[in-house]
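A.B. asks: Here you go, this is work_36.txt (compact mmCIF, C-alpha atoms and all ligand atoms).
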# COMPACT_ATOMS: atom_id res chain seq x y z
CA MET G 1 23.75 15.55 13.25
CA THR G 2 24.05 11.76 13.48
CA ARG G 3 22.40 9.93 10.68
CA PRO G 4 19.70 7.36 11.50
CA ARG G 5 20.93 3.76 11.42
CA LEU G 6 19.22 1.82 8.67
CA CYS G 7 19.17 -1.93 8.08
CA ILE G 8 18.31 -3.17 4.57
CA THR G 9 17.51 -6.86 4.75
CA ARG G 10 17.90 -7.85 1.07
CA ARG G 11 19.95 -6.89 -1.99
CA LEU G 12 17.94 -3.95 -3.32
CA SER G 13 18.77 -2.15 -6.58
CA ASP G 14 22.16 -0.46 -6.86
CA ALA G 15 20.57 2.98 -7.16
CA THR G 16 18.58 2.35 -3.98
CA LEU G 17 21.62 1.18 -2.03
CA GLU G 18 23.68 4.16 -3.25
CA ARG G 19 21.05 6.64 -2.15
CA ALA G 20 20.54 4.85 1.17
CA ALA G 21 24.31 4.86 1.86
CA ARG G 22 24.45 8.58 1.08
CA ASP G 23 21.70 9.50 3.53
CA TYR G 24 21.79 6.88 6.30
CA ASP G 25 24.23 4.98 8.46
CA LEU G 26 23.56 1.88 6.42
CA VAL G 27 24.04 -1.84 6.91
CA VAL G 28 22.96 -4.12 4.05
CA ASN G 29 22.55 -7.87 4.23
CA HIS G 30 24.68 -8.52 1.15
CA ASP G 31 24.17 -12.29 1.62
CA ASP G 32 20.60 -11.60 0.44
CA THR G 33 19.13 -14.32 2.64
CA PRO G 34 15.70 -13.72 4.25
CA GLY G 35 15.89 -12.31 7.77
CA SER G 36 14.66 -14.68 10.48
CA ALA G 37 12.63 -13.58 13.50
CA GLY G 38 15.87 -13.67 15.49
CA ASP G 39 17.60 -11.42 12.93
CA LEU G 40 14.76 -8.90 13.11
CA ILE G 41 14.76 -8.91 16.91
CA ALA G 42 18.53 -8.31 16.91
CA ALA G 43 18.17 -5.56 14.27
CA SER G 44 15.54 -3.79 16.36
CA ALA G 45 18.21 -3.15 19.02
CA GLU G 46 20.79 -1.78 16.60
CA PHE G 47 18.81 0.21 14.06
CA ASP G 48 16.34 3.09 13.97
CA ALA G 49 14.82 1.86 10.72
CA ILE G 50 14.52 -1.33 8.68
CA ILE G 51 13.71 -1.67 4.98
CA PRO G 52 12.51 -5.28 4.65
CA CYS G 53 10.89 -7.18 1.80
CA HIS G 54 7.87 -9.50 1.96
CA SER G 55 10.37 -12.27 2.80
CA GLU G 56 10.83 -10.98 6.36
CA HIS G 57 8.01 -11.85 8.75
CA PHE G 58 7.15 -9.37 11.47
CA SER G 59 4.99 -11.70 13.57
CA ALA G 60 3.35 -10.55 16.80
CA GLU G 61 5.69 -12.89 18.72
CA ALA G 62 8.81 -11.34 17.18
CA VAL G 63 7.56 -7.75 17.46
CA ALA G 64 6.81 -8.28 21.18
CA GLN G 65 10.54 -8.95 21.65
CA PHE G 66 11.71 -5.88 19.73
CA SER G 67 13.85 -3.27 21.42
CA ASP G 68 12.43 0.22 21.81
CA ARG G 69 15.09 1.58 19.42
CA LEU G 70 13.37 0.62 16.16
CA ARG G 71 11.06 3.42 14.99
CA ILE G 72 10.01 2.55 11.45
CA VAL G 73 9.60 -0.45 9.13
CA ALA G 74 9.63 0.99 5.59
CA ASN G 75 8.60 -1.98 3.48
CA HIS G 76 9.99 -2.54 0.00
CA SER G 77 6.65 -4.04 -1.10
CA VAL G 78 3.07 -3.02 -1.57
CA GLY G 79 1.77 -6.11 0.24
CA VAL G 80 2.13 -6.03 4.00
CA ASP G 81 0.66 -9.41 4.95
CA HIS G 82 4.13 -10.32 6.30
CA CYS G 83 3.70 -7.63 8.98
CA ASP G 84 1.46 -7.92 12.02
CA LEU G 85 0.29 -4.32 11.77
CA PRO G 86 -1.58 -4.17 15.13
CA ALA G 87 1.49 -5.57 16.93
CA LEU G 88 3.79 -3.00 15.28
CA LYS G 89 1.35 -0.22 16.02
CA GLU G 90 1.14 -1.24 19.65
CA ARG G 91 4.94 -0.94 19.86
CA GLY G 92 4.70 2.56 18.33
CA ILE G 93 6.60 1.47 15.20
CA ALA G 94 5.57 3.25 11.99
CA VAL G 95 4.97 1.06 8.93
CA THR G 96 4.97 2.11 5.27
CA ASN G 97 4.69 0.30 1.92
CA THR G 98 5.36 1.06 -1.76
CA PRO G 99 2.05 1.33 -3.64
CA ASP G 100 1.61 2.64 -7.23
CA VAL G 101 5.15 2.13 -8.46
CA LEU G 102 4.81 -1.61 -9.14
CA SER G 103 1.32 -1.63 -10.63
CA ASP G 104 2.37 -1.71 -14.29
CA ALA G 105 5.10 -4.31 -13.84
CA THR G 106 2.71 -6.59 -11.93
CA ALA G 107 -0.09 -6.06 -14.44
CA GLU G 108 2.33 -6.91 -17.28
CA LEU G 109 3.18 -10.18 -15.57
CA ALA G 110 -0.50 -10.97 -15.03
CA MET G 111 -1.01 -10.45 -18.78
CA LEU G 112 1.91 -12.76 -19.56
CA LEU G 113 0.46 -15.43 -17.25
CA MET G 114 -3.03 -15.07 -18.69
CA LEU G 115 -1.82 -15.36 -22.28
CA GLY G 116 0.66 -18.14 -21.51
CA ALA G 117 -1.89 -20.18 -19.57
CA ALA G 118 -4.55 -19.70 -22.25
CA ARG G 119 -2.25 -20.62 -25.14
CA ASN G 120 -0.30 -23.65 -23.88
CA ALA G 121 2.98 -21.82 -23.28
CA VAL G 122 4.40 -24.47 -20.94
CA ALA G 123 3.90 -27.49 -23.21
CA GLY G 124 4.64 -25.53 -26.38
CA ASP G 125 7.95 -24.23 -25.11
CA ARG G 126 8.94 -27.64 -23.84
CA ILE G 127 8.33 -29.62 -27.01
CA VAL G 128 10.21 -27.13 -29.17
CA ARG G 129 13.07 -26.83 -26.67
CA THR G 130 13.50 -30.59 -26.27
CA GLY G 131 13.22 -31.52 -29.94
CA LEU G 132 9.90 -33.32 -29.40
CA TRP G 133 8.05 -31.17 -31.94
CA ASP G 134 7.59 -33.68 -34.74
CA SER G 135 4.15 -32.97 -36.19
CA TRP G 136 1.57 -30.25 -36.71
CA SER G 137 -2.19 -30.38 -37.08
CA PRO G 138 -5.07 -27.89 -36.86
CA ALA G 139 -6.10 -29.78 -33.75
CA PHE G 140 -2.72 -29.27 -32.14
CA MET G 141 -2.40 -27.15 -28.95
CA VAL G 142 -5.68 -25.36 -29.42
CA GLY G 143 -6.07 -22.81 -26.66
CA LYS G 144 -8.61 -20.34 -25.35
CA GLN G 145 -8.86 -16.96 -27.06
CA VAL G 146 -8.33 -13.91 -24.87
CA THR G 147 -9.44 -11.22 -27.32
CA GLY G 148 -13.03 -10.19 -26.68
CA ALA G 149 -13.47 -12.63 -23.76
CA ARG G 150 -15.06 -11.80 -20.41
CA LEU G 151 -12.52 -10.93 -17.73
CA GLY G 152 -13.31 -10.90 -14.00
CA ILE G 153 -11.02 -8.93 -11.70
CA ILE G 154 -11.18 -9.37 -7.94
CA GLY G 155 -9.71 -6.26 -6.32
CA MET G 156 -9.87 -3.17 -8.49
CA GLY G 157 -7.13 -1.24 -6.69
CA ARG G 158 -4.08 0.14 -8.46
CA VAL G 159 -2.81 -3.18 -9.85
CA GLY G 160 -6.31 -4.38 -10.79
CA ARG G 161 -6.93 -1.16 -12.69
CA ALA G 162 -3.53 -1.34 -14.41
CA PHE G 163 -4.39 -4.88 -15.50
CA ALA G 164 -7.82 -3.77 -16.74
CA ALA G 165 -6.13 -1.04 -18.80
CA LYS G 166 -3.91 -3.61 -20.50
CA ALA G 167 -6.85 -6.00 -21.00
CA ARG G 168 -8.76 -3.25 -22.83
CA GLY G 169 -6.07 -3.56 -25.50
CA PHE G 170 -7.44 -7.07 -26.07
CA ASN G 171 -11.02 -5.78 -26.22
CA MET G 172 -11.89 -7.80 -23.13
CA ASP G 173 -15.29 -7.32 -21.54
CA ILE G 174 -14.18 -6.27 -18.06
CA HIS G 175 -16.11 -7.08 -14.88
CA TYR G 176 -14.91 -6.52 -11.33
CA TYR G 177 -15.61 -7.12 -7.68
CA ASN G 178 -14.30 -4.62 -5.18
CA ARG G 179 -15.35 -3.72 -1.64
CA THR G 180 -16.72 -0.47 -3.06
CA GLU G 181 -17.87 0.45 -6.52
CA LEU G 182 -15.43 2.69 -8.36
CA PRO G 183 -16.33 6.10 -9.79
CA GLU G 184 -16.60 6.04 -13.57
CA ASP G 185 -13.27 7.76 -14.18
CA LYS G 186 -11.61 4.77 -12.49
CA ALA G 187 -14.00 2.01 -13.63
CA GLN G 188 -13.61 3.09 -17.29
CA GLY G 189 -16.72 1.16 -18.30
CA ALA G 190 -15.96 -2.02 -16.30
CA THR G 191 -19.08 -3.69 -14.88
CA TYR G 192 -19.32 -3.76 -11.08
CA HIS G 193 -20.47 -6.87 -9.19
CA GLU G 194 -21.61 -6.57 -5.59
CA SER G 195 -20.40 -10.06 -4.72
CA VAL G 196 -17.55 -12.35 -5.68
CA GLU G 197 -20.13 -15.01 -6.51
CA SER G 198 -21.86 -12.80 -9.05
CA LEU G 199 -18.51 -11.95 -10.68
CA LEU G 200 -17.42 -15.58 -10.93
CA GLY G 201 -20.43 -16.49 -13.07
CA VAL G 202 -19.12 -14.30 -15.92
CA ALA G 203 -15.37 -14.76 -15.46
CA ASP G 204 -14.08 -16.76 -18.43
CA PHE G 205 -10.76 -15.33 -17.29
CA LEU G 206 -10.31 -14.45 -13.61
CA SER G 207 -7.45 -12.40 -12.20
CA LEU G 208 -6.83 -11.86 -8.49
CA HIS G 209 -5.58 -8.46 -7.31
CA CYS G 210 -6.71 -8.15 -3.70
CA PRO G 211 -4.51 -8.20 -0.58
CA ALA G 212 -4.07 -11.28 1.59
CA THR G 213 -5.98 -10.76 4.82
CA PRO G 214 -7.80 -13.16 7.17
CA ASP G 215 -10.96 -12.39 5.10
CA THR G 216 -9.39 -13.34 1.77
CA THR G 217 -7.60 -16.55 2.82
CA ASP G 218 -8.70 -19.29 0.39
CA LEU G 219 -10.97 -16.81 -1.35
CA MET G 220 -10.89 -19.25 -4.28
CA ASN G 221 -12.08 -22.49 -2.69
CA ARG G 222 -13.94 -25.53 -4.04
CA ASN G 223 -17.33 -23.82 -3.97
CA ARG G 224 -16.08 -20.75 -5.74
CA PHE G 225 -14.16 -22.65 -8.44
CA ALA G 226 -17.45 -24.44 -9.18
CA MET G 227 -19.10 -21.07 -9.89
CA LEU G 228 -16.76 -20.21 -12.77
CA PRO G 229 -17.85 -20.87 -16.35
CA GLU G 230 -16.52 -24.26 -17.46
CA GLY G 231 -12.98 -24.02 -18.83
CA ALA G 232 -12.18 -20.70 -17.14
CA VAL G 233 -8.57 -19.56 -16.72
CA ILE G 234 -7.40 -18.20 -13.36
CA VAL G 235 -4.45 -15.86 -12.82
CA ASN G 236 -2.88 -15.01 -9.47
CA THR G 237 -0.20 -12.35 -9.15
CA ALA G 238 -1.38 -11.18 -5.70
CA ARG G 239 -0.70 -13.68 -2.92
CA GLY G 240 -0.74 -17.48 -2.65
CA ALA G 241 -2.95 -17.26 0.43
CA LEU G 242 -5.91 -16.33 -1.81
CA VAL G 243 -6.14 -19.76 -3.45
CA ASP G 244 -6.93 -23.16 -1.96
CA GLU G 245 -4.34 -25.07 -3.99
CA GLU G 246 -6.01 -28.47 -3.60
CA ALA G 247 -9.25 -26.98 -4.84
CA LEU G 248 -7.40 -25.49 -7.83
CA LEU G 249 -6.02 -28.92 -8.78
CA ALA G 250 -9.44 -30.51 -8.36
CA ALA G 251 -10.95 -27.85 -10.64
CA LEU G 252 -8.26 -28.51 -13.26
CA GLU G 253 -8.88 -32.26 -13.07
CA THR G 254 -12.60 -31.86 -13.77
CA GLY G 255 -12.08 -29.25 -16.50
CA GLN G 256 -13.92 -26.62 -14.47
CA ILE G 257 -10.85 -24.54 -15.12
CA SER G 258 -8.73 -25.17 -18.20
CA ALA G 259 -5.53 -23.46 -17.06
CA ALA G 260 -3.92 -21.32 -14.41
CA GLY G 261 -1.19 -18.68 -14.46
CA LEU G 262 0.45 -18.35 -11.06
CA ASP G 263 3.17 -16.08 -9.72
CA CYS G 264 2.24 -16.70 -6.06
CA PHE G 265 1.96 -19.83 -3.96
CA LYS G 266 1.05 -20.85 -0.44
CA VAL G 267 4.66 -21.84 0.19
CA GLU G 268 7.34 -19.43 -1.00
CA PRO G 269 10.02 -19.89 -2.03
CA GLY G 270 9.44 -23.31 -3.48
CA GLY G 271 5.85 -23.32 -4.69
CA ASN G 272 3.67 -26.42 -4.81
CA PRO G 273 5.46 -29.54 -6.14
CA ASP G 274 2.08 -31.11 -6.98
CA PHE G 275 1.62 -28.43 -9.67
CA ALA G 276 4.71 -29.52 -11.62
CA LYS G 277 3.04 -32.30 -13.59
CA TYR G 278 0.35 -29.99 -14.99
CA ASP G 279 1.31 -28.33 -18.27
CA SER G 280 -1.87 -26.32 -17.87
CA ILE G 281 -0.30 -24.41 -14.97
CA PHE G 282 2.05 -21.68 -16.17
CA MET G 283 4.17 -20.71 -13.16
CA LEU G 284 6.66 -18.01 -12.27
CA PRO G 285 8.54 -17.47 -8.98
CA HIS G 286 6.90 -14.32 -7.50
CA ILE G 287 8.50 -11.87 -9.95
CA GLY G 288 5.53 -9.58 -10.62
CA SER G 289 7.41 -6.42 -9.71
CA ALA G 290 10.82 -7.61 -10.89
CA THR G 291 11.79 -5.09 -13.55
CA ARG G 292 14.84 -2.84 -13.22
CA GLN G 293 12.71 0.30 -13.44
CA THR G 294 10.27 -0.91 -10.81
CA ARG G 295 12.93 -2.14 -8.40
CA ASP G 296 14.50 1.36 -8.45
CA ALA G 297 11.09 2.96 -8.00
CA MET G 298 10.22 0.68 -5.06
CA GLY G 299 13.53 1.37 -3.35
CA PHE G 300 13.21 5.11 -3.85
CA ARG G 301 9.63 5.06 -2.58
CA ALA G 302 10.73 3.26 0.60
CA LEU G 303 13.51 5.84 1.05
CA ASP G 304 11.10 8.73 0.41
CA ASN G 305 9.00 7.36 3.26
CA LEU G 306 12.05 7.16 5.55
CA ASP G 307 13.22 10.66 4.60
CA ALA G 308 9.79 12.08 5.45
CA PHE G 309 9.68 10.20 8.75
CA PHE G 310 13.13 11.32 9.91
CA SER G 311 12.47 14.92 8.91
CA GLY G 312 9.42 14.97 11.15
CA LYS G 313 6.81 14.70 8.37
CA THR G 314 4.15 12.06 7.86
CA PRO G 315 5.43 9.52 5.30
CA GLY G 316 3.28 9.47 2.15
CA ASP G 317 2.63 5.73 2.50
CA LEU G 318 2.12 5.49 6.25
CA LEU G 319 -0.26 2.60 6.98
C1 LIG I 401 4.77 -6.70 -3.27
O1 LIG I 401 5.26 -5.58 -3.39
O2 LIG I 401 3.90 -6.94 -2.43
C2 LIG I 401 5.30 -7.77 -4.16
O3 LIG I 401 4.63 -8.96 -4.00
C3 LIG I 401 6.79 -7.96 -3.96
O4 LIG I 401 7.06 -8.09 -2.62
Hey, can you dump this file as structure tokens for me?
C.D. replies:
Amino acid sequence: MTRPRLCITRRLSDATLERAARDYDLVVNHDDTPGSAGDLIAASAEFDAIIPCHSEHFSAEAVAQFSDRLRIVANHSVGVDHCDLPALKERGIAVTNTPDVLSDATAELAMLLMLGAARNAVAGDRIVRTGLWDSWSPAFMVGKQVTGARLGIIGMGRVGRAFAAKARGFNMDIHYYNRTELPEDKAQGATYHESVESLLGVADFLSLHCPATPDTTDLMNRNRFAMLPEGAVIVNTARGALVDEEALLAALETGQISAAGLDCFKVEPGGNPDFAKYDSIFMLPHIGSATRQTRDAMGFRALDNLDAFFSGKTPGDLL
């Protein structure tokens, strides 16, 4: 039996590539450059399946030009905002993602960002590293204490709940907004808010864990920043689309928020150059899921979905 032809658009983990080469007629983009619309259109004529990352954009315009050969896009990501799902569906192309397996890694990074933003990690690291640390005082680099503080989580899905579990280790008072209230075995005592606005009023720390959709674009805008308690800290490990970046800077300038921890930006790669002069913004380059263990798990999950599809079963993560 001929093996399905599979295109992997980026340099996935070695274990993933080995397994993929064993089971598929595989071509890997070893250059590890993001695939353009033209690359994806060309791939659709040569391959039965593609494993892309969030760096490849399946726009409606590109998908309309796809060949009929391509049958499945098995994303190596939980987020699928880079895929026009209705356009892919209309072309009869199956789409899957990789939920669950990256929740802990992403929640860990959110914790790092929250702690680092709250406790002056950017300025502190810099003055020690550059030899500028020449004095100490009790008034020096005084931050905001996380332990026991009120935490607001927007989006209490898998990553939001993994973050809440870690925050319980800091005795945080956890509040959340979600489209639906969670049953108690999942809420684990967290307080539900029926609206984002209600949640913001108690969020001394705020962490975003919802997907980027047309409804959540600029979820955190000027009005909403103004609803946070003064000096709040915001953390975003979800998607840059959720935050109006000008509004974030304005809120920092007025002290409405005291710090931000960001792994996601409107423009990626690159981020927002206007953020660079703010020590109160602790930034990382979209590496929430970047641990060795999680990269293997994401690759294997994408391959599990492909294996199911090509053996005539419904993939576990079919969207
Ligand atoms: C995801 O899985 O959505 C992460 O952001 C990495 O792509």
A.B. asks: Quick one, how far is atom CA of G:Val233 from atom CA of G:Ala260?
C.D. replies: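 Between atom CA of G:Val233 and atom CA of G:Ala260 the gap works out to 5.5 Å.
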A.B. asks: Counting only C-alpha atoms and all ligand atoms, name the residues that have an atom within 8 Å of an atom of ligand LIG 401 (chain I); the answer should be given as a PyMOL selection string.
C.D. replies: chain G and resi 53-55+76-80+97-99+102+237-239+286-289
A.B. asks: Choose the residue, out of G:Glu56, G:Glu253, G:Glu230, G:Asp296, that has the smallest atom-to-atom separation from G:Gly201; count all atoms listed in the file.
C.D. replies: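 Looking at the shortest contact to G:Gly201, the residue is G:Glu230.
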A.B. asks: Using all atoms listed in the file for the distances, tell me which of G:Val196, G:Ala162, G:Val63, G:Ala123 is nearest to G:Ala276.
C.D. replies: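 Under the stated criterion, the closest residue is G:Ala123.
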A.B. asks: Taking only C-alpha atoms into account, name the residue in G:Ile41, G:Ala232, G:Ala74, G:Leu12 that is nearest to G:Asp317.
C.D. replies: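 When distances to G:Asp317 are compared using only C-alpha atoms, the smallest one comes from G:Ala74.
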A.B. asks: Using only C-alpha atoms, which residues sit within 8 Å of G:Pro52 once same-chain residues fewer than 6 positions away are excluded, as a list in words?
C.D. replies: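 That gives Ile8, Thr9, Arg10, Val73, Ala74, Asn75 and His76 of chain G.
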A.B. asks: Between atom CA of G:Phe58 and atom CA of G:Arg5, what is the spacing in Å?
C.D. replies: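 Between atom CA of G:Arg5 and atom CA of G:Phe58 the gap works out to 19.0 Å.
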A.B. asks: Quick one: everything within 10 Å of G:Ser59, counting only C-alpha atoms, minus sequence neighbours fewer than 6 positions away in the same chain. Send it as a ChimeraX atom specification.
C.D. replies: /G:37,81-85,87-88
A.B. asks: Could you write out that same residue set with C-alpha atoms as a compact mmCIF listing (two decimals), keeping the file's coordinate frame?
C.D. replies:
# COMPACT_ATOMS: atom_id res chain seq x y z
CA ALA G 37 12.63 -13.58 13.50
CA ASP G 81 0.66 -9.41 4.95
CA HIS G 82 4.13 -10.32 6.30
CA CYS G 83 3.70 -7.63 8.98
CA ASP G 84 1.46 -7.92 12.02
CA LEU G 85 0.29 -4.32 11.77
CA ALA G 87 1.49 -5.57 16.93
CA LEU G 88 3.79 -3.00 15.28
A.B. asks: Rounded to one decimal place, report the atom CA of G:Lys144-atom CA of G:Asp204 distance in Å.
C.D. replies: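 Interatomic distance, atom CA of G:Lys144 to atom CA of G:Asp204: 9.5 Å.
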A.B. asks: Closest to G:Pro269 among G:Pro229, G:Gly155, G:Pro211, G:Pro34, using all atoms listed in the file?
C.D. replies: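 Comparing G:Pro229, G:Gly155, G:Pro211, G:Pro34 against G:Pro269, the winner is G:Pro34.
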A.B. asks: Pick the closest to G:Ser13 from G:Thr291, G:Asn171, G:Ser137, G:Thr254: which is it, counting only C-alpha atoms?
C.D. replies: G:Thr291
A.B. asks: Could you pull the residues within 12 Å of G:Leu112, counting all atoms listed in the file, minus those fewer than 2 positions along the same chain, as a ChimeraX atom specification?
C.D. replies: /G:105-110,114-121,146,163,166-167,207,235-237,260-263,282-284,287-288
